[in-house]
Amino acid sequence: MPDVLPKVSVIVASMNNEETIEECLQALLAQNYPPSHVEIILMDGCSKDKTVQIAKKYPVKICQIALNCPAAYNYAQKIAQHPILGFVDSDAKVEVDWLKKLVPHIDEPNVGGVSGSIDIWNVDNPWARSIGYELKTRYRRIGRYTARIATMNLLLKKSVIEEIGGWAEDMPSQYDTEFGYRLASKGYKIVYEPSSVCYHFNRPTLRKFYRQQLQYGKNTLRLYFKHDILARGDEITDIGMNIQPIWLLAIVCSFLLGIVPLLRPLWYLTSVLLIVMFVYYVYSAAKIAVEFKDNSAMRLVLLYYVRSVAWFNGAIITSIDYLGGRLK
């Protein structure tokens, strides 16, 4: 640890998170770090539940304003008192040494930020547990450094954020990937410190998972319109994930075209594509089930289908919005 610890402003963006906000804030306030060196800012998007009421029990700065997450981060940056900004999701909680483990890396050469690993908060729920297993598997592909990482567990230098122009407010989700692209283009990198753990409350039902992934699908296409090179994928979201909605499009098109009697043989192609997708999903889920010694991870087969459909539908919605002139 450095002799003089840097002061950190931790930003938590919330919206109707009464189920998790208390433990989130308690974990931040319990950090093994000088309390005088930590400022906590809760940016609440005008929650309708008891999120703010719960947060008022704790010594945190609360700002209620109707902004999406990247806009809330930009706003909080202006009022933050300290040179290091921490980002923790309101449905996540960090371990007691979270800051202590991340801070030593912040002044390494060409480093704009530091992040830790993700684990599962709601392990008793089999859907949430399966989602967490898959996310942990993807995070294990990250090396010593990365260009982008989720804002549920991240420290960034305020000066670097300002230098690259802040967060893209036109990206309600996928803003972390877009930010990482601009960060890397300026020659900065993010240190990955896996020993610093953040526990995420994963979506506990298929319906909630679909709604989350639908938003990702909408903004993923917008992201690729903005920076097409990102369609190649990275350590966390690889090319295999990115082509699944395209694969689904091929299935839908071959089936619909096969309705025409002359093109009926295309249904054989539909069948082949469906079988390949199913085998790929079963194989991927089985690998994770074996790795974590938990047969419940086979639920990932269904979760993979839900994610592909959500991304596919999201891409269609975004394409229609572009064609209709509602997006630029």
# chains A, B, ... in the order shown; residues from 1 in each chain; ligands from 1
>>> residues_around(residues="Leu155 (chain A)", least_positions_apart="6", cutoff="12 Å", atoms="only C-alpha atoms", output="JSON, numbers by chain")
{"A": [6, 7, 8, 9, 10, 11, 82, 83, 84, 85, 86, 87, 88, 98, 99, 100, 101, 102, 103, 104, 105, 106, 107, 111, 112, 113, 114, 115, 116, 148, 149, 161, 189, 190, 191, 192, 193, 196]}
>>> select_by_dssp(residues="region 33-256 of chain A", states="alpha helix (DSSP H)", output="ChimeraX atom specification")
/A:51-55,69-79,98-102,126-139,158-163,175-185,206-226,239-242,244-256
>>> residues_around(residues="region 201-212 of chain A", least_positions_apart="3", cutoff="12 Å", atoms="only C-alpha atoms", output="short mmCIF file (atom, residue, chain, number, x, y, z; two decimals) with all heavy atoms, in the first residue's frame")
data_model
loop_
_atom_site.label_atom_id
_atom_site.label_comp_id
_atom_site.auth_asym_id
_atom_site.auth_seq_id
_atom_site.Cartn_x
_atom_site.Cartn_y
_atom_site.Cartn_z
N ASN A 17 -34.02 -0.16 -6.34
CA ASN A 17 -33.17 -1.25 -5.85
C ASN A 17 -33.32 -1.47 -4.34
O ASN A 17 -32.34 -1.70 -3.63
CB ASN A 17 -31.70 -0.96 -6.17
CG ASN A 17 -31.39 -0.96 -7.64
OD1 ASN A 17 -31.10 0.09 -8.23
ND2 ASN A 17 -31.46 -2.13 -8.27
N GLU A 19 -34.25 -3.88 -2.73
CA GLU A 19 -33.87 -5.22 -2.30
C GLU A 19 -32.38 -5.35 -1.99
O GLU A 19 -31.97 -6.17 -1.17
CB GLU A 19 -34.27 -6.24 -3.37
CG GLU A 19 -34.11 -7.70 -2.96
CD GLU A 19 -34.61 -8.67 -4.02
OE1 GLU A 19 -35.01 -8.22 -5.11
OE2 GLU A 19 -34.60 -9.88 -3.74
N THR A 20 -31.58 -4.50 -2.62
CA THR A 20 -30.13 -4.66 -2.50
C THR A 20 -29.38 -3.43 -2.00
O THR A 20 -28.21 -3.54 -1.61
CB THR A 20 -29.54 -5.03 -3.88
OG1 THR A 20 -29.89 -4.01 -4.84
CG2 THR A 20 -30.07 -6.38 -4.35
N ILE A 21 -30.00 -2.26 -2.01
CA ILE A 21 -29.26 -1.02 -1.74
C ILE A 21 -28.66 -0.98 -0.33
O ILE A 21 -27.55 -0.45 -0.14
CB ILE A 21 -30.16 0.22 -1.98
CG1 ILE A 21 -29.32 1.50 -1.98
CG2 ILE A 21 -31.27 0.30 -0.96
CD1 ILE A 21 -28.28 1.56 -3.07
N GLU A 23 -27.46 -3.46 1.68
CA GLU A 23 -26.22 -4.23 1.78
C GLU A 23 -25.12 -3.62 0.90
O GLU A 23 -23.93 -3.69 1.23
CB GLU A 23 -26.45 -5.69 1.42
CG GLU A 23 -27.26 -6.45 2.46
CD GLU A 23 -27.29 -7.94 2.19
OE1 GLU A 23 -26.21 -8.56 2.13
OE2 GLU A 23 -28.40 -8.48 2.03
N CYS A 24 -25.51 -3.04 -0.22
CA CYS A 24 -24.55 -2.36 -1.08
C CYS A 24 -23.85 -1.23 -0.34
O CYS A 24 -22.61 -1.15 -0.33
CB CYS A 24 -25.26 -1.82 -2.32
SG CYS A 24 -24.24 -0.75 -3.37
N ASP A 89 -22.30 -0.99 -8.76
CA ASP A 89 -23.73 -1.05 -9.05
C ASP A 89 -24.53 -1.17 -7.77
O ASP A 89 -24.07 -1.75 -6.77
CB ASP A 89 -24.04 -2.23 -9.96
CG ASP A 89 -23.60 -1.98 -11.40
OD1 ASP A 89 -23.15 -0.86 -11.69
OD2 ASP A 89 -23.73 -2.91 -12.22
N SER A 90 -25.76 -0.67 -7.80
CA SER A 90 -26.62 -0.72 -6.62
C SER A 90 -27.14 -2.12 -6.33
O SER A 90 -27.72 -2.36 -5.27
CB SER A 90 -27.81 0.24 -6.79
OG SER A 90 -28.47 0.00 -8.01
N ASP A 91 -26.95 -3.05 -7.27
CA ASP A 91 -27.31 -4.45 -7.02
C ASP A 91 -26.05 -5.29 -6.85
O ASP A 91 -25.99 -6.46 -7.22
CB ASP A 91 -28.19 -5.01 -8.13
CG ASP A 91 -27.55 -4.92 -9.51
OD1 ASP A 91 -26.44 -4.34 -9.62
OD2 ASP A 91 -28.16 -5.42 -10.48
N ALA A 92 -25.02 -4.66 -6.27
CA ALA A 92 -23.76 -5.35 -6.02
C ALA A 92 -23.23 -4.93 -4.65
O ALA A 92 -23.58 -3.88 -4.12
CB ALA A 92 -22.75 -5.02 -7.11
N LYS A 93 -22.39 -5.77 -4.08
CA LYS A 93 -21.73 -5.44 -2.82
C LYS A 93 -20.28 -5.90 -2.90
O LYS A 93 -19.98 -6.97 -3.44
CB LYS A 93 -22.44 -6.08 -1.63
CG LYS A 93 -22.57 -7.59 -1.66
CD LYS A 93 -23.32 -8.10 -0.44
CE LYS A 93 -23.48 -9.62 -0.49
NZ LYS A 93 -24.22 -10.13 0.68
N VAL A 94 -19.39 -5.08 -2.37
CA VAL A 94 -17.96 -5.37 -2.48
C VAL A 94 -17.42 -5.93 -1.17
O VAL A 94 -17.97 -5.68 -0.09
CB VAL A 94 -17.17 -4.09 -2.87
CG1 VAL A 94 -17.53 -3.66 -4.28
CG2 VAL A 94 -17.45 -2.96 -1.88
N ILE A 118 -15.88 -10.66 -10.40
CA ILE A 118 -17.31 -10.71 -10.08
C ILE A 118 -17.67 -12.09 -9.55
O ILE A 118 -17.29 -13.11 -10.14
CB ILE A 118 -18.17 -10.41 -11.33
CG1 ILE A 118 -17.74 -9.08 -11.97
CG2 ILE A 118 -19.65 -10.38 -10.97
CD1 ILE A 118 -17.91 -7.87 -11.10
N ASP A 119 -18.41 -12.13 -8.45
CA ASP A 119 -18.92 -13.39 -7.93
C ASP A 119 -20.43 -13.27 -7.76
O ASP A 119 -21.02 -12.22 -8.06
CB ASP A 119 -18.24 -13.74 -6.60
CG ASP A 119 -18.10 -15.25 -6.41
OD1 ASP A 119 -18.99 -15.99 -6.89
OD2 ASP A 119 -17.13 -15.68 -5.77
N ILE A 120 -21.05 -14.31 -7.26
CA ILE A 120 -22.51 -14.39 -7.19
C ILE A 120 -23.00 -13.99 -5.80
O ILE A 120 -22.55 -14.55 -4.79
CB ILE A 120 -22.99 -15.81 -7.53
CG1 ILE A 120 -22.37 -16.28 -8.85
CG2 ILE A 120 -24.52 -15.87 -7.60
CD1 ILE A 120 -22.43 -17.78 -9.04
N TRP A 121 -23.93 -13.08 -5.74
CA TRP A 121 -24.54 -12.66 -4.48
C TRP A 121 -25.66 -13.64 -4.10
O TRP A 121 -25.61 -14.27 -3.05
CB TRP A 121 -25.06 -11.24 -4.63
CG TRP A 121 -25.78 -10.64 -3.46
CD1 TRP A 121 -26.36 -11.30 -2.39
CD2 TRP A 121 -26.00 -9.25 -3.22
NE1 TRP A 121 -26.93 -10.40 -1.52
CE2 TRP A 121 -26.72 -9.14 -2.00
CE3 TRP A 121 -25.69 -8.09 -3.93
CZ2 TRP A 121 -27.12 -7.90 -1.48
CZ3 TRP A 121 -26.09 -6.87 -3.41
CH2 TRP A 121 -26.79 -6.77 -2.20
N ASN A 122 -26.66 -13.76 -4.94
CA ASN A 122 -27.85 -14.56 -4.63
C ASN A 122 -27.66 -16.01 -5.10
O ASN A 122 -28.33 -16.49 -6.00
CB ASN A 122 -29.10 -13.94 -5.23
CG ASN A 122 -28.96 -13.53 -6.69
OD1 ASN A 122 -27.86 -13.30 -7.19
ND2 ASN A 122 -30.08 -13.42 -7.39
N VAL A 123 -26.74 -16.70 -4.44
CA VAL A 123 -26.37 -18.05 -4.85
C VAL A 123 -27.48 -19.08 -4.62
O VAL A 123 -27.45 -20.17 -5.19
CB VAL A 123 -25.10 -18.52 -4.12
CG1 VAL A 123 -23.90 -17.75 -4.57
CG2 VAL A 123 -25.28 -18.43 -2.60
N ASP A 124 -28.46 -18.76 -3.79
CA ASP A 124 -29.54 -19.72 -3.52
C ASP A 124 -30.51 -19.86 -4.68
O ASP A 124 -31.28 -20.82 -4.74
CB ASP A 124 -30.31 -19.31 -2.26
CG ASP A 124 -29.47 -19.43 -0.99
OD1 ASP A 124 -28.50 -20.23 -1.02
OD2 ASP A 124 -29.75 -18.74 -0.01
N ASN A 125 -30.50 -18.88 -5.59
CA ASN A 125 -31.40 -18.94 -6.74
C ASN A 125 -30.68 -19.63 -7.90
O ASN A 125 -29.62 -19.16 -8.35
CB ASN A 125 -31.82 -17.53 -7.15
CG ASN A 125 -32.80 -17.51 -8.30
OD1 ASN A 125 -32.43 -17.76 -9.43
ND2 ASN A 125 -34.05 -17.20 -8.01
N PRO A 126 -31.20 -20.76 -8.42
CA PRO A 126 -30.49 -21.50 -9.46
C PRO A 126 -30.31 -20.73 -10.76
O PRO A 126 -29.31 -20.92 -11.47
CB PRO A 126 -31.34 -22.75 -9.67
CG PRO A 126 -32.70 -22.39 -9.16
CD PRO A 126 -32.46 -21.42 -8.04
N TRP A 127 -31.26 -19.86 -11.12
CA TRP A 127 -31.12 -19.05 -12.33
C TRP A 127 -30.00 -18.04 -12.15
O TRP A 127 -29.13 -17.89 -13.03
CB TRP A 127 -32.43 -18.34 -12.67
CG TRP A 127 -33.54 -19.25 -13.04
CD1 TRP A 127 -34.65 -19.55 -12.29
CD2 TRP A 127 -33.66 -20.03 -14.24
NE1 TRP A 127 -35.44 -20.46 -12.96
CE2 TRP A 127 -34.87 -20.76 -14.15
CE3 TRP A 127 -32.87 -20.16 -15.38
CZ2 TRP A 127 -35.30 -21.61 -15.17
CZ3 TRP A 127 -33.29 -21.02 -16.39
CH2 TRP A 127 -34.49 -21.73 -16.29
N ALA A 128 -30.01 -17.35 -11.01
CA ALA A 128 -28.96 -16.37 -10.72
C ALA A 128 -27.60 -17.04 -10.63
O ALA A 128 -26.59 -16.49 -11.09
CB ALA A 128 -29.28 -15.65 -9.42
N ARG A 129 -27.58 -18.22 -10.04
CA ARG A 129 -26.33 -18.95 -9.90
C ARG A 129 -25.76 -19.34 -11.27
O ARG A 129 -24.56 -19.21 -11.53
CB ARG A 129 -26.56 -20.19 -9.04
CG ARG A 129 -25.29 -20.85 -8.53
CD ARG A 129 -25.56 -21.81 -7.39
NE ARG A 129 -26.38 -22.95 -7.77
CZ ARG A 129 -27.61 -23.19 -7.30
NH1 ARG A 129 -28.16 -22.35 -6.43
NH2 ARG A 129 -28.28 -24.26 -7.68
N SER A 130 -26.63 -19.78 -12.15
CA SER A 130 -26.19 -20.17 -13.50
C SER A 130 -25.66 -18.97 -14.27
O SER A 130 -24.62 -19.05 -14.96
CB SER A 130 -27.35 -20.82 -14.26
OG SER A 130 -27.79 -22.00 -13.60
N ILE A 131 -26.37 -17.85 -14.18
CA ILE A 131 -25.90 -16.62 -14.83
C ILE A 131 -24.52 -16.24 -14.29
O ILE A 131 -23.61 -15.86 -15.04
CB ILE A 131 -26.90 -15.47 -14.60
CG1 ILE A 131 -28.23 -15.76 -15.32
CG2 ILE A 131 -26.32 -14.13 -15.05
CD1 ILE A 131 -29.36 -14.83 -14.90
N GLY A 132 -24.37 -16.35 -12.99
CA GLY A 132 -23.09 -16.01 -12.36
C GLY A 132 -21.96 -16.91 -12.79
O GLY A 132 -20.83 -16.45 -13.00
N TYR A 133 -22.24 -18.21 -12.92
CA TYR A 133 -21.20 -19.14 -13.38
C TYR A 133 -20.68 -18.72 -14.76
O TYR A 133 -19.48 -18.73 -15.02
CB TYR A 133 -21.77 -20.55 -13.47
CG TYR A 133 -22.05 -21.24 -12.15
CD1 TYR A 133 -23.01 -22.25 -12.06
CD2 TYR A 133 -21.35 -20.90 -10.99
CE1 TYR A 133 -23.27 -22.90 -10.87
CE2 TYR A 133 -21.61 -21.54 -9.79
CZ TYR A 133 -22.57 -22.54 -9.74
OH TYR A 133 -22.83 -23.18 -8.55
N GLU A 134 -21.62 -18.40 -15.65
CA GLU A 134 -21.21 -18.05 -17.00
C GLU A 134 -20.40 -16.75 -17.01
O GLU A 134 -19.39 -16.64 -17.71
CB GLU A 134 -22.44 -17.90 -17.91
CG GLU A 134 -22.12 -17.93 -19.38
CD GLU A 134 -22.50 -16.65 -20.11
OE1 GLU A 134 -22.94 -15.70 -19.44
OE2 GLU A 134 -22.34 -16.59 -21.33
N LEU A 135 -20.82 -15.77 -16.20
CA LEU A 135 -20.09 -14.51 -16.13
C LEU A 135 -18.69 -14.71 -15.56
O LEU A 135 -17.71 -14.14 -16.05
CB LEU A 135 -20.87 -13.50 -15.30
CG LEU A 135 -20.33 -12.07 -15.26
CD1 LEU A 135 -20.23 -11.50 -16.67
CD2 LEU A 135 -21.21 -11.18 -14.39
N LYS A 136 -18.59 -15.54 -14.54
CA LYS A 136 -17.27 -15.83 -13.96
C LYS A 136 -16.36 -16.50 -14.99
O LYS A 136 -15.16 -16.21 -15.05
CB LYS A 136 -17.44 -16.72 -12.73
CG LYS A 136 -18.02 -16.01 -11.53
CD LYS A 136 -18.35 -16.96 -10.39
CE LYS A 136 -17.11 -17.52 -9.74
NZ LYS A 136 -17.42 -18.31 -8.53
N MET A 152 -19.78 -2.27 -12.45
CA MET A 152 -20.23 -2.74 -11.13
C MET A 152 -19.05 -2.87 -10.17
O MET A 152 -19.24 -3.00 -8.96
CB MET A 152 -20.95 -4.09 -11.25
CG MET A 152 -20.07 -5.27 -11.60
SD MET A 152 -20.97 -6.83 -11.65
CE MET A 152 -21.77 -6.71 -13.25
N PRO A 172 -27.75 4.03 -23.05
CA PRO A 172 -28.29 3.65 -21.74
C PRO A 172 -27.69 2.36 -21.18
O PRO A 172 -27.68 2.15 -19.97
CB PRO A 172 -29.79 3.49 -22.01
CG PRO A 172 -30.05 4.32 -23.23
CD PRO A 172 -28.82 4.19 -24.06
N SER A 173 -27.24 1.49 -22.04
CA SER A 173 -26.44 0.32 -21.64
C SER A 173 -25.33 0.16 -22.67
O SER A 173 -25.32 0.85 -23.69
CB SER A 173 -27.31 -0.94 -21.57
OG SER A 173 -27.81 -1.29 -22.86
N GLN A 174 -24.37 -0.71 -22.37
CA GLN A 174 -23.18 -0.88 -23.21
C GLN A 174 -22.28 0.35 -23.19
O GLN A 174 -21.34 0.45 -24.00
CB GLN A 174 -23.54 -1.25 -24.66
CG GLN A 174 -24.34 -2.53 -24.79
CD GLN A 174 -23.53 -3.78 -24.52
OE1 GLN A 174 -22.60 -3.74 -23.73
NE2 GLN A 174 -23.88 -4.88 -25.15
N CYS A 198 -16.30 -8.43 -6.09
CA CYS A 198 -17.60 -7.78 -6.00
C CYS A 198 -18.67 -8.84 -6.24
O CYS A 198 -18.56 -9.65 -7.16
CB CYS A 198 -17.71 -6.68 -7.05
SG CYS A 198 -19.32 -5.90 -7.19
N GLN A 215 -32.44 -4.84 -23.38
CA GLN A 215 -31.80 -3.52 -23.38
C GLN A 215 -30.38 -3.61 -23.92
O GLN A 215 -29.92 -2.74 -24.68
CB GLN A 215 -31.79 -2.93 -21.96
CG GLN A 215 -33.17 -2.63 -21.41
CD GLN A 215 -33.97 -1.74 -22.34
OE1 GLN A 215 -33.47 -0.69 -22.80
NE2 GLN A 215 -35.20 -2.12 -22.62
N TYR A 216 -29.65 -4.68 -23.54
CA TYR A 216 -28.32 -4.87 -24.09
C TYR A 216 -28.38 -5.02 -25.61
O TYR A 216 -27.55 -4.48 -26.35
CB TYR A 216 -27.66 -6.11 -23.49
CG TYR A 216 -27.27 -6.00 -22.04
CD1 TYR A 216 -26.99 -7.12 -21.28
CD2 TYR A 216 -27.17 -4.76 -21.42
CE1 TYR A 216 -26.62 -7.02 -19.94
CE2 TYR A 216 -26.82 -4.64 -20.09
CZ TYR A 216 -26.54 -5.78 -19.35
OH TYR A 216 -26.19 -5.67 -18.04
N GLY A 217 -29.38 -5.79 -26.09
CA GLY A 217 -29.52 -6.01 -27.53
C GLY A 217 -29.78 -4.73 -28.28
O GLY A 217 -29.22 -4.49 -29.36
N LYS A 218 -30.64 -3.88 -27.73
CA LYS A 218 -30.93 -2.60 -28.37
C LYS A 218 -29.67 -1.76 -28.52
O LYS A 218 -29.40 -1.18 -29.57
CB LYS A 218 -31.95 -1.82 -27.54
CG LYS A 218 -33.36 -2.37 -27.55
CD LYS A 218 -34.25 -1.52 -26.64
CE LYS A 218 -35.67 -2.06 -26.56
NZ LYS A 218 -36.51 -1.25 -25.65
N ASN A 219 -28.89 -1.70 -27.45
CA ASN A 219 -27.74 -0.80 -27.45
C ASN A 219 -26.48 -1.42 -28.03
O ASN A 219 -25.56 -0.69 -28.40
CB ASN A 219 -27.50 -0.29 -26.02
CG ASN A 219 -28.61 0.64 -25.57
OD1 ASN A 219 -28.77 1.72 -26.11
ND2 ASN A 219 -29.39 0.21 -24.60
N ARG A 299 -29.25 -25.08 -16.76
CA ARG A 299 -30.25 -24.06 -17.06
C ARG A 299 -29.72 -23.04 -18.06
O ARG A 299 -30.48 -22.31 -18.69
CB ARG A 299 -30.68 -23.34 -15.78
CG ARG A 299 -31.60 -24.12 -14.87
CD ARG A 299 -31.84 -23.36 -13.58
NE ARG A 299 -32.93 -23.95 -12.80
CZ ARG A 299 -32.81 -25.02 -12.02
NH1 ARG A 299 -31.63 -25.61 -11.93
NH2 ARG A 299 -33.85 -25.49 -11.35
N LEU A 300 -28.41 -23.00 -18.20
CA LEU A 300 -27.81 -22.07 -19.15
C LEU A 300 -28.27 -22.34 -20.58
O LEU A 300 -28.29 -21.42 -21.40
CB LEU A 300 -26.27 -22.16 -19.08
CG LEU A 300 -25.62 -21.41 -17.90
CD1 LEU A 300 -24.18 -21.83 -17.73
CD2 LEU A 300 -25.74 -19.91 -18.10
N VAL A 301 -28.64 -23.56 -20.90
CA VAL A 301 -29.14 -23.85 -22.24
C VAL A 301 -30.33 -22.94 -22.54
O VAL A 301 -30.40 -22.29 -23.59
CB VAL A 301 -29.54 -25.33 -22.38
CG1 VAL A 301 -30.19 -25.57 -23.75
CG2 VAL A 301 -28.33 -26.24 -22.20
N LEU A 302 -31.28 -22.88 -21.60
CA LEU A 302 -32.44 -22.01 -21.79
C LEU A 302 -32.05 -20.54 -21.70
O LEU A 302 -32.56 -19.71 -22.47
CB LEU A 302 -33.51 -22.34 -20.74
CG LEU A 302 -34.85 -21.62 -20.86
CD1 LEU A 302 -35.43 -21.78 -22.26
CD2 LEU A 302 -35.83 -22.15 -19.82
N LEU A 303 -31.14 -20.22 -20.80
CA LEU A 303 -30.70 -18.83 -20.68
C LEU A 303 -30.01 -18.35 -21.96
O LEU A 303 -30.17 -17.19 -22.35
CB LEU A 303 -29.75 -18.69 -19.48
CG LEU A 303 -30.41 -18.77 -18.10
CD1 LEU A 303 -29.36 -19.01 -17.02
CD2 LEU A 303 -31.19 -17.50 -17.80
N TYR A 304 -29.25 -19.22 -22.60
CA TYR A 304 -28.61 -18.85 -23.86
C TYR A 304 -29.66 -18.53 -24.93
O TYR A 304 -29.52 -17.57 -25.69
CB TYR A 304 -27.72 -19.99 -24.36
CG TYR A 304 -26.46 -20.22 -23.56
CD1 TYR A 304 -25.94 -21.51 -23.42
CD2 TYR A 304 -25.77 -19.17 -22.97
CE1 TYR A 304 -24.78 -21.74 -22.71
CE2 TYR A 304 -24.61 -19.40 -22.24
CZ TYR A 304 -24.12 -20.69 -22.12
OH TYR A 304 -22.96 -20.92 -21.41
N TYR A 305 -30.70 -19.36 -25.01
CA TYR A 305 -31.77 -19.10 -25.98
C TYR A 305 -32.45 -17.77 -25.67
O TYR A 305 -32.71 -16.96 -26.59
CB TYR A 305 -32.80 -20.23 -25.96
CG TYR A 305 -32.45 -21.42 -26.80
CD1 TYR A 305 -32.17 -22.64 -26.22
CD2 TYR A 305 -32.40 -21.33 -28.19
CE1 TYR A 305 -31.83 -23.76 -26.98
CE2 TYR A 305 -32.07 -22.42 -28.97
CZ TYR A 305 -31.79 -23.64 -28.37
OH TYR A 305 -31.46 -24.73 -29.14
N VAL A 306 -32.75 -17.54 -24.40
CA VAL A 306 -33.41 -16.29 -24.01
C VAL A 306 -32.54 -15.09 -24.38
O VAL A 306 -33.04 -14.08 -24.91
CB VAL A 306 -33.72 -16.29 -22.50
CG1 VAL A 306 -34.17 -14.91 -22.03
CG2 VAL A 306 -34.79 -17.33 -22.18
N ARG A 307 -31.25 -15.19 -24.12
CA ARG A 307 -30.35 -14.08 -24.45
C ARG A 307 -30.29 -13.83 -25.96
O ARG A 307 -30.33 -12.68 -26.40
CB ARG A 307 -28.95 -14.36 -23.91
CG ARG A 307 -27.96 -13.22 -24.17
CD ARG A 307 -26.66 -13.41 -23.42
NE ARG A 307 -25.95 -14.61 -23.85
CZ ARG A 307 -24.93 -15.14 -23.16
NH1 ARG A 307 -24.54 -14.61 -22.02
NH2 ARG A 307 -24.32 -16.21 -23.62
N SER A 308 -30.21 -14.90 -26.74
CA SER A 308 -30.15 -14.74 -28.19
C SER A 308 -31.42 -14.09 -28.73
O SER A 308 -31.37 -13.19 -29.57
CB SER A 308 -29.94 -16.09 -28.87
OG SER A 308 -28.64 -16.58 -28.62
N VAL A 309 -32.57 -14.53 -28.23
CA VAL A 309 -33.85 -13.95 -28.67
C VAL A 309 -33.93 -12.49 -28.25
O VAL A 309 -34.36 -11.63 -29.02
CB VAL A 309 -35.04 -14.75 -28.09
CG1 VAL A 309 -36.35 -14.02 -28.36
CG2 VAL A 309 -35.07 -16.16 -28.69
N ALA A 310 -33.49 -12.18 -27.03
CA ALA A 310 -33.54 -10.80 -26.53
C ALA A 310 -32.63 -9.89 -27.37
O ALA A 310 -33.02 -8.78 -27.76
CB ALA A 310 -33.13 -10.76 -25.07
N TRP A 311 -31.42 -10.36 -27.67
CA TRP A 311 -30.50 -9.55 -28.49
C TRP A 311 -31.05 -9.39 -29.90
O TRP A 311 -30.93 -8.32 -30.50
CB TRP A 311 -29.12 -10.20 -28.53
CG TRP A 311 -28.33 -10.03 -27.27
CD1 TRP A 311 -28.79 -9.72 -26.02
CD2 TRP A 311 -26.91 -10.17 -27.13
NE1 TRP A 311 -27.77 -9.65 -25.12
CE2 TRP A 311 -26.59 -9.93 -25.78
CE3 TRP A 311 -25.89 -10.49 -28.02
CZ2 TRP A 311 -25.28 -10.00 -25.29
CZ3 TRP A 311 -24.58 -10.56 -27.54
CH2 TRP A 311 -24.29 -10.31 -26.18
N PHE A 312 -31.63 -10.45 -30.42
CA PHE A 312 -32.22 -10.41 -31.77
C PHE A 312 -33.36 -9.39 -31.81
O PHE A 312 -33.42 -8.53 -32.70
CB PHE A 312 -32.73 -11.80 -32.13
CG PHE A 312 -33.43 -11.89 -33.46
CD1 PHE A 312 -32.72 -11.86 -34.65
CD2 PHE A 312 -34.81 -12.02 -33.52
CE1 PHE A 312 -33.36 -11.96 -35.88
CE2 PHE A 312 -35.46 -12.11 -34.74
CZ PHE A 312 -34.74 -12.08 -35.92
N ASN A 313 -34.26 -9.48 -30.83
CA ASN A 313 -35.39 -8.54 -30.78
C ASN A 313 -34.91 -7.10 -30.55
O ASN A 313 -35.45 -6.16 -31.14
CB ASN A 313 -36.36 -8.94 -29.68
CG ASN A 313 -37.11 -10.22 -30.00
OD1 ASN A 313 -37.16 -10.65 -31.15
ND2 ASN A 313 -37.70 -10.85 -28.99
N GLY A 314 -33.89 -6.96 -29.70
CA GLY A 314 -33.35 -5.63 -29.46
C GLY A 314 -32.75 -5.02 -30.71
O GLY A 314 -32.93 -3.82 -30.98
#
>>> atom_distance(atom1="CA of Gln53 (chain A)", atom2="CA of His37 (chain A)")
25.1 Å
>>> closest_residue(among="A:Met171, A:Ser117, A:Leu156, A:Asn295", to="Arg138 (chain A)", atoms="only C-alpha atoms")
A:Ser117
>>> closest_residue(among="A:Ile275, A:Ile320, A:Val197, A:Ile229", to="Asn153 (chain A)", atoms="only C-alpha atoms")
A:Val197
>>> residues_around(residues="Leu274 (chain A)", least_positions_apart="4", cutoff="8 Å", atoms="only C-alpha atoms", output="MDAnalysis selection string")
chainID A and resid 251 270 278
>>> atom_distance(atom1="CA of Arg182 (chain A)", atom2="CA of Thr151 (chain A)")
15.2 Å
>>> closest_residue(among="A:Pro70, A:Gly143, A:Gly324, A:Pro59", to="Glu178 (chain A)", atoms="only C-alpha atoms")
A:Pro70
>>> atom_distance(atom1="CA of Trp247 (chain A)", atom2="CA of Ala289 (chain A)")
24.4 Å
>>> select_by_dssp(residues="region 114-245 of chain A", states="strand (DSSP E)", output="compact mmCIF listing (two decimals) with C-alpha atoms, in the first residue's frame")
# COMPACT_ATOMS: atom_id res chain seq x y z
CA VAL A 114 -8.49 -0.80 -11.91
CA SER A 115 -11.15 -3.46 -11.59
CA GLY A 116 -11.74 -6.67 -9.67
CA SER A 117 -13.60 -9.90 -10.26
CA ILE A 118 -17.31 -10.71 -10.08
CA ASP A 119 -18.92 -13.39 -7.93
CA ILE A 120 -22.51 -14.39 -7.19
CA TYR A 145 -4.91 -5.77 -18.37
CA THR A 146 -8.13 -5.10 -20.24
CA LEU A 154 -14.29 -0.29 -11.10
CA LEU A 155 -11.95 2.54 -10.09
CA LEU A 156 -11.03 5.26 -12.60
CA LYS A 157 -8.93 8.39 -12.47
CA LYS A 189 -5.56 0.35 -19.96
CA ILE A 190 -7.42 -1.09 -16.98
CA VAL A 191 -5.64 -3.33 -14.49
CA TYR A 192 -7.54 -6.50 -13.62
CA GLU A 193 -7.06 -7.52 -9.98
CA PRO A 194 -9.10 -10.73 -9.51
CA SER A 195 -8.48 -10.92 -5.76
CA SER A 196 -10.72 -7.87 -5.25
CA VAL A 197 -14.21 -9.33 -5.34
CA CYS A 198 -17.60 -7.78 -6.00
CA TYR A 199 -20.77 -9.85 -5.49
CA HIS A 200 -23.52 -9.21 -8.03
>>> closest_residue(among="A:Leu249, A:Val276, A:Val38, A:Val282", to="Ile316 (chain A)", atoms="only C-alpha atoms")
A:Leu249
>>> residues_around(residues="Ala66 (chain A)", least_positions_apart="4", cutoff="12 Å", atoms="only C-alpha atoms", output="JSON, numbers by chain")
{"A": [13, 14, 15, 43, 44, 45, 46, 47, 48, 70, 71, 72, 75]}
>>> residues_around(residues="Phe225 (chain A)", least_positions_apart="2", cutoff="12 Å", atoms="only C-alpha atoms", output="PyMOL selection string")
chain A and resi 171+178+218-223+227-231+315+318-319+322+327-328
